[in-house]
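**Student:** Take a look at this one; I'll ask things after.
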Amino acid sequence: QVQLVESGGGLVQPGGSLRLSCAASKTSFRIDAMGWYRQVPGKQRELVADITTAGFTNYADSVKGRFTISRNNAKNTVYLQMNSLKPEDTAVYYCKATSWTGADYWGQGTQVTVSS
């Protein structure tokens, strides 16, 4: 078992930037893919971006060119740099890690609010 702890959310004005971090509680735990999802009330959770151990990335069309996902494999940590934020990026952002056995683990979520 592993816990994921997210940080970095908050309130930012449109056009601003935030950096989210997600760290696994065990650096020795073997994790394959890591990713970020987001959810707004009344809607399904959606993929924002994910990244493999090898560094291959995948982004939702709505964030391409504005968000960058990265990870530190040695620390089992994943980051999401969010630039040019828009009000429609407002959501609770969740970190997900998939272990080498295929099990999914989720963080508790961090609120991102983009508003003037």
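Ligands are numbered from 1 in the order shown, residues from 1 within each chain, and chains are lettered A, B, ... in the order they appear in the structure tokens.
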I'd like the neighbourhood of region 12-21 of chain A as a compact mmCIF listing (two decimals) with N, CA and C atoms, in the first residue's frame, where a residue qualifies if any of its atoms comes within 10 Å (using only C-alpha atoms), though same-chain residues fewer than 4 positions away should be ignored.

**Tutor:**
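The result, written out as selection26.txt:
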# COMPACT_ATOMS: atom_id res chain seq x y z
N LEU A 4 -0.66 8.78 -1.45
CA LEU A 4 -0.23 9.88 -2.30
C LEU A 4 -0.63 11.19 -1.64
N VAL A 5 0.31 12.10 -1.52
CA VAL A 5 0.05 13.39 -0.87
C VAL A 5 0.28 14.50 -1.88
N GLU A 6 -0.79 15.25 -2.14
CA GLU A 6 -0.73 16.34 -3.11
C GLU A 6 -0.53 17.67 -2.39
N SER A 7 0.04 18.61 -3.10
CA SER A 7 0.20 19.96 -2.58
C SER A 7 0.31 20.93 -3.76
N GLY A 8 0.10 22.22 -3.47
CA GLY A 8 0.31 23.24 -4.49
C GLY A 8 -0.93 23.89 -5.03
N TRP A 36 -2.37 13.11 -13.48
CA TRP A 36 -3.25 14.08 -12.83
C TRP A 36 -4.62 14.05 -13.50
N ARG A 66 -0.16 24.45 -22.35
CA ARG A 66 -0.24 25.27 -21.13
C ARG A 66 0.26 24.53 -19.90
N PHE A 67 0.02 23.23 -19.84
CA PHE A 67 0.40 22.41 -18.69
C PHE A 67 1.56 21.50 -19.08
N THR A 68 2.42 21.23 -18.09
CA THR A 68 3.53 20.30 -18.30
C THR A 68 3.62 19.35 -17.12
N ILE A 69 3.60 18.06 -17.43
CA ILE A 69 3.74 17.04 -16.39
C ILE A 69 5.18 16.53 -16.39
N SER A 70 5.68 16.27 -15.19
CA SER A 70 7.04 15.71 -15.07
C SER A 70 7.07 14.84 -13.82
N ARG A 71 8.12 14.06 -13.69
CA ARG A 71 8.22 13.20 -12.52
C ARG A 71 9.67 12.96 -12.14
N THR A 77 7.65 10.92 -7.27
CA THR A 77 6.94 12.20 -7.21
C THR A 77 6.59 12.65 -8.62
N VAL A 78 5.40 13.21 -8.76
CA VAL A 78 4.96 13.74 -10.04
C VAL A 78 4.54 15.19 -9.85
N TYR A 79 4.78 15.98 -10.87
CA TYR A 79 4.49 17.42 -10.83
C TYR A 79 3.59 17.80 -11.99
N LEU A 80 2.86 18.89 -11.79
CA LEU A 80 2.07 19.45 -12.89
C LEU A 80 2.27 20.96 -12.85
N GLN A 81 2.98 21.47 -13.83
CA GLN A 81 3.16 22.91 -13.98
C GLN A 81 2.04 23.43 -14.83
N MET A 82 1.26 24.34 -14.28
CA MET A 82 0.08 24.87 -14.97
C MET A 82 0.30 26.36 -15.24
N ASN A 83 0.36 26.72 -16.50
CA ASN A 83 0.54 28.11 -16.91
C ASN A 83 -0.68 28.59 -17.68
N SER A 84 -0.80 29.89 -17.82
CA SER A 84 -1.91 30.49 -18.57
C SER A 84 -3.24 29.92 -18.11
N LEU A 85 -3.43 29.88 -16.83
CA LEU A 85 -4.64 29.27 -16.27
C LEU A 85 -5.89 30.04 -16.66
N LYS A 86 -6.96 29.28 -16.86
CA LYS A 86 -8.26 29.84 -17.24
C LYS A 86 -9.30 29.49 -16.19
N PRO A 87 -10.37 30.26 -16.11
CA PRO A 87 -11.42 29.92 -15.14
C PRO A 87 -11.94 28.49 -15.30
N GLU A 88 -11.96 27.99 -16.53
CA GLU A 88 -12.45 26.62 -16.75
C GLU A 88 -11.49 25.55 -16.25
N ASP A 89 -10.31 25.94 -15.80
CA ASP A 89 -9.39 24.98 -15.17
C ASP A 89 -9.73 24.77 -13.70
N THR A 90 -10.67 25.54 -13.19
CA THR A 90 -11.07 25.39 -11.80
C THR A 90 -11.64 24.01 -11.55
N TYR A 93 -8.08 18.75 -8.24
CA TYR A 93 -7.09 17.98 -8.99
C TYR A 93 -6.62 16.80 -8.14
N TYR A 94 -6.64 15.63 -8.78
CA TYR A 94 -6.26 14.40 -8.11
C TYR A 94 -5.04 13.78 -8.78
N CYS A 95 -4.16 13.26 -7.96
CA CYS A 95 -3.01 12.53 -8.43
C CYS A 95 -3.34 11.04 -8.44
N THR A 110 -6.62 18.24 -4.46
CA THR A 110 -6.26 19.60 -4.08
C THR A 110 -7.05 20.58 -4.95
N VAL A 112 -8.00 23.75 -7.04
CA VAL A 112 -7.43 24.82 -7.86
C VAL A 112 -8.58 25.72 -8.29
N THR A 113 -8.49 26.99 -7.96
CA THR A 113 -9.52 27.95 -8.32
C THR A 113 -8.88 29.08 -9.12
N VAL A 114 -9.40 29.30 -10.32
CA VAL A 114 -8.91 30.37 -11.18
C VAL A 114 -10.01 31.42 -11.29
N SER A 115 -9.75 32.56 -10.66
CA SER A 115 -10.78 33.59 -10.60
C SER A 115 -10.13 34.94 -10.34
N SER A 116 -10.76 35.98 -10.89
CA SER A 116 -10.28 37.33 -10.62
C SER A 116 -11.02 37.94 -9.44

**Student:** Can you check which residues of region 10-88 of chain A DSSP gives as helix (DSSP H, G or I) on the backbone and send them as a list of chain:residue names?

**Tutor:**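 Matching residues for helix (DSSP H, G or I) in region 10-88 of chain A are A:Asp61, A:Ser62, A:Val63, A:Asn73, A:Ala74, A:Lys75, A:Pro87, A:Glu88.
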
**Student:** Applying 10 Å and only C-alpha atoms, which residues near Tyr37 (chain A) remain after dropping the ones on its own chain fewer than 6 positions away? List them as a PyMOL selection string.

**Tutor:** chain A and resi 45-50+60+91-96+106+109

**Student:** Would you save the residues from that selection as a PDB file, in the first residue's frame, using C-alpha atoms?

**Tutor:**
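Once written, selection13.pdb looks like this:
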ATOM      1  CA  ARG A  45     -13.319  12.935 -13.289  1.00  0.00           C
ATOM      2  CA  GLU A  46     -11.220  13.574 -16.383  1.00  0.00           C
ATOM      3  CA  LEU A  47      -7.623  12.977 -17.327  1.00  0.00           C
ATOM      4  CA  VAL A  48      -5.443  16.077 -17.407  1.00  0.00           C
ATOM      5  CA  ALA A  49      -2.065  14.483 -18.119  1.00  0.00           C
ATOM      6  CA  ASP A  50      -0.115  11.344 -17.408  1.00  0.00           C
ATOM      7  CA  ALA A  60      -5.906  16.412 -22.579  1.00  0.00           C
ATOM      8  CA  ALA A  91     -11.506  21.936 -10.281  1.00  0.00           C
ATOM      9  CA  VAL A  92     -10.268  19.533  -7.661  1.00  0.00           C
ATOM     10  CA  TYR A  93      -7.088  17.975  -8.990  1.00  0.00           C
ATOM     11  CA  TYR A  94      -6.258  14.395  -8.106  1.00  0.00           C
ATOM     12  CA  CYS A  95      -3.008  12.528  -8.432  1.00  0.00           C
ATOM     13  CA  LYS A  96      -3.070   8.887  -9.533  1.00  0.00           C
ATOM     14  CA  TRP A 106      -5.402   8.126  -5.637  1.00  0.00           C
ATOM     15  CA  GLY A 109      -7.307  15.972  -4.097  1.00  0.00           C
TER      16      GLY A 109
END

**Student:** Which of these, A:Gln3, A:Asn72, A:Ser62, A:Gln111, has the shortest distance to Lys26 (chain A) once you count only C-alpha atoms?

**Tutor:**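 Checking each candidate against Lys26 (chain A), we get A:Gln3 as the closest.
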
**Student:** Would you work out the distance separating CA of Thr98 (chain A) from CA of Val40 (chain A), expressed in Å to one decimal?

**Tutor:**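 CA of Val40 (chain A) lies 22.7 Å from CA of Thr98 (chain A).
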
**Student:** Which value, in Å to one decimal, gives the distance between CA of Arg30 (chain A) and CA of Asn76 (chain A)?

**Tutor:**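 Between CA of Arg30 (chain A) and CA of Asn76 (chain A) the gap is 8.3 Å.
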
**Student:** Identify which of the residues A:Gly9, A:Ile51, A:Trp100, A:Gln1 lies closest to Met34 (chain A), counting only C-alpha atoms when measuring atom-to-atom distances.

**Tutor:**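 Among the listed residues, A:Ile51 lies closest to Met34 (chain A).
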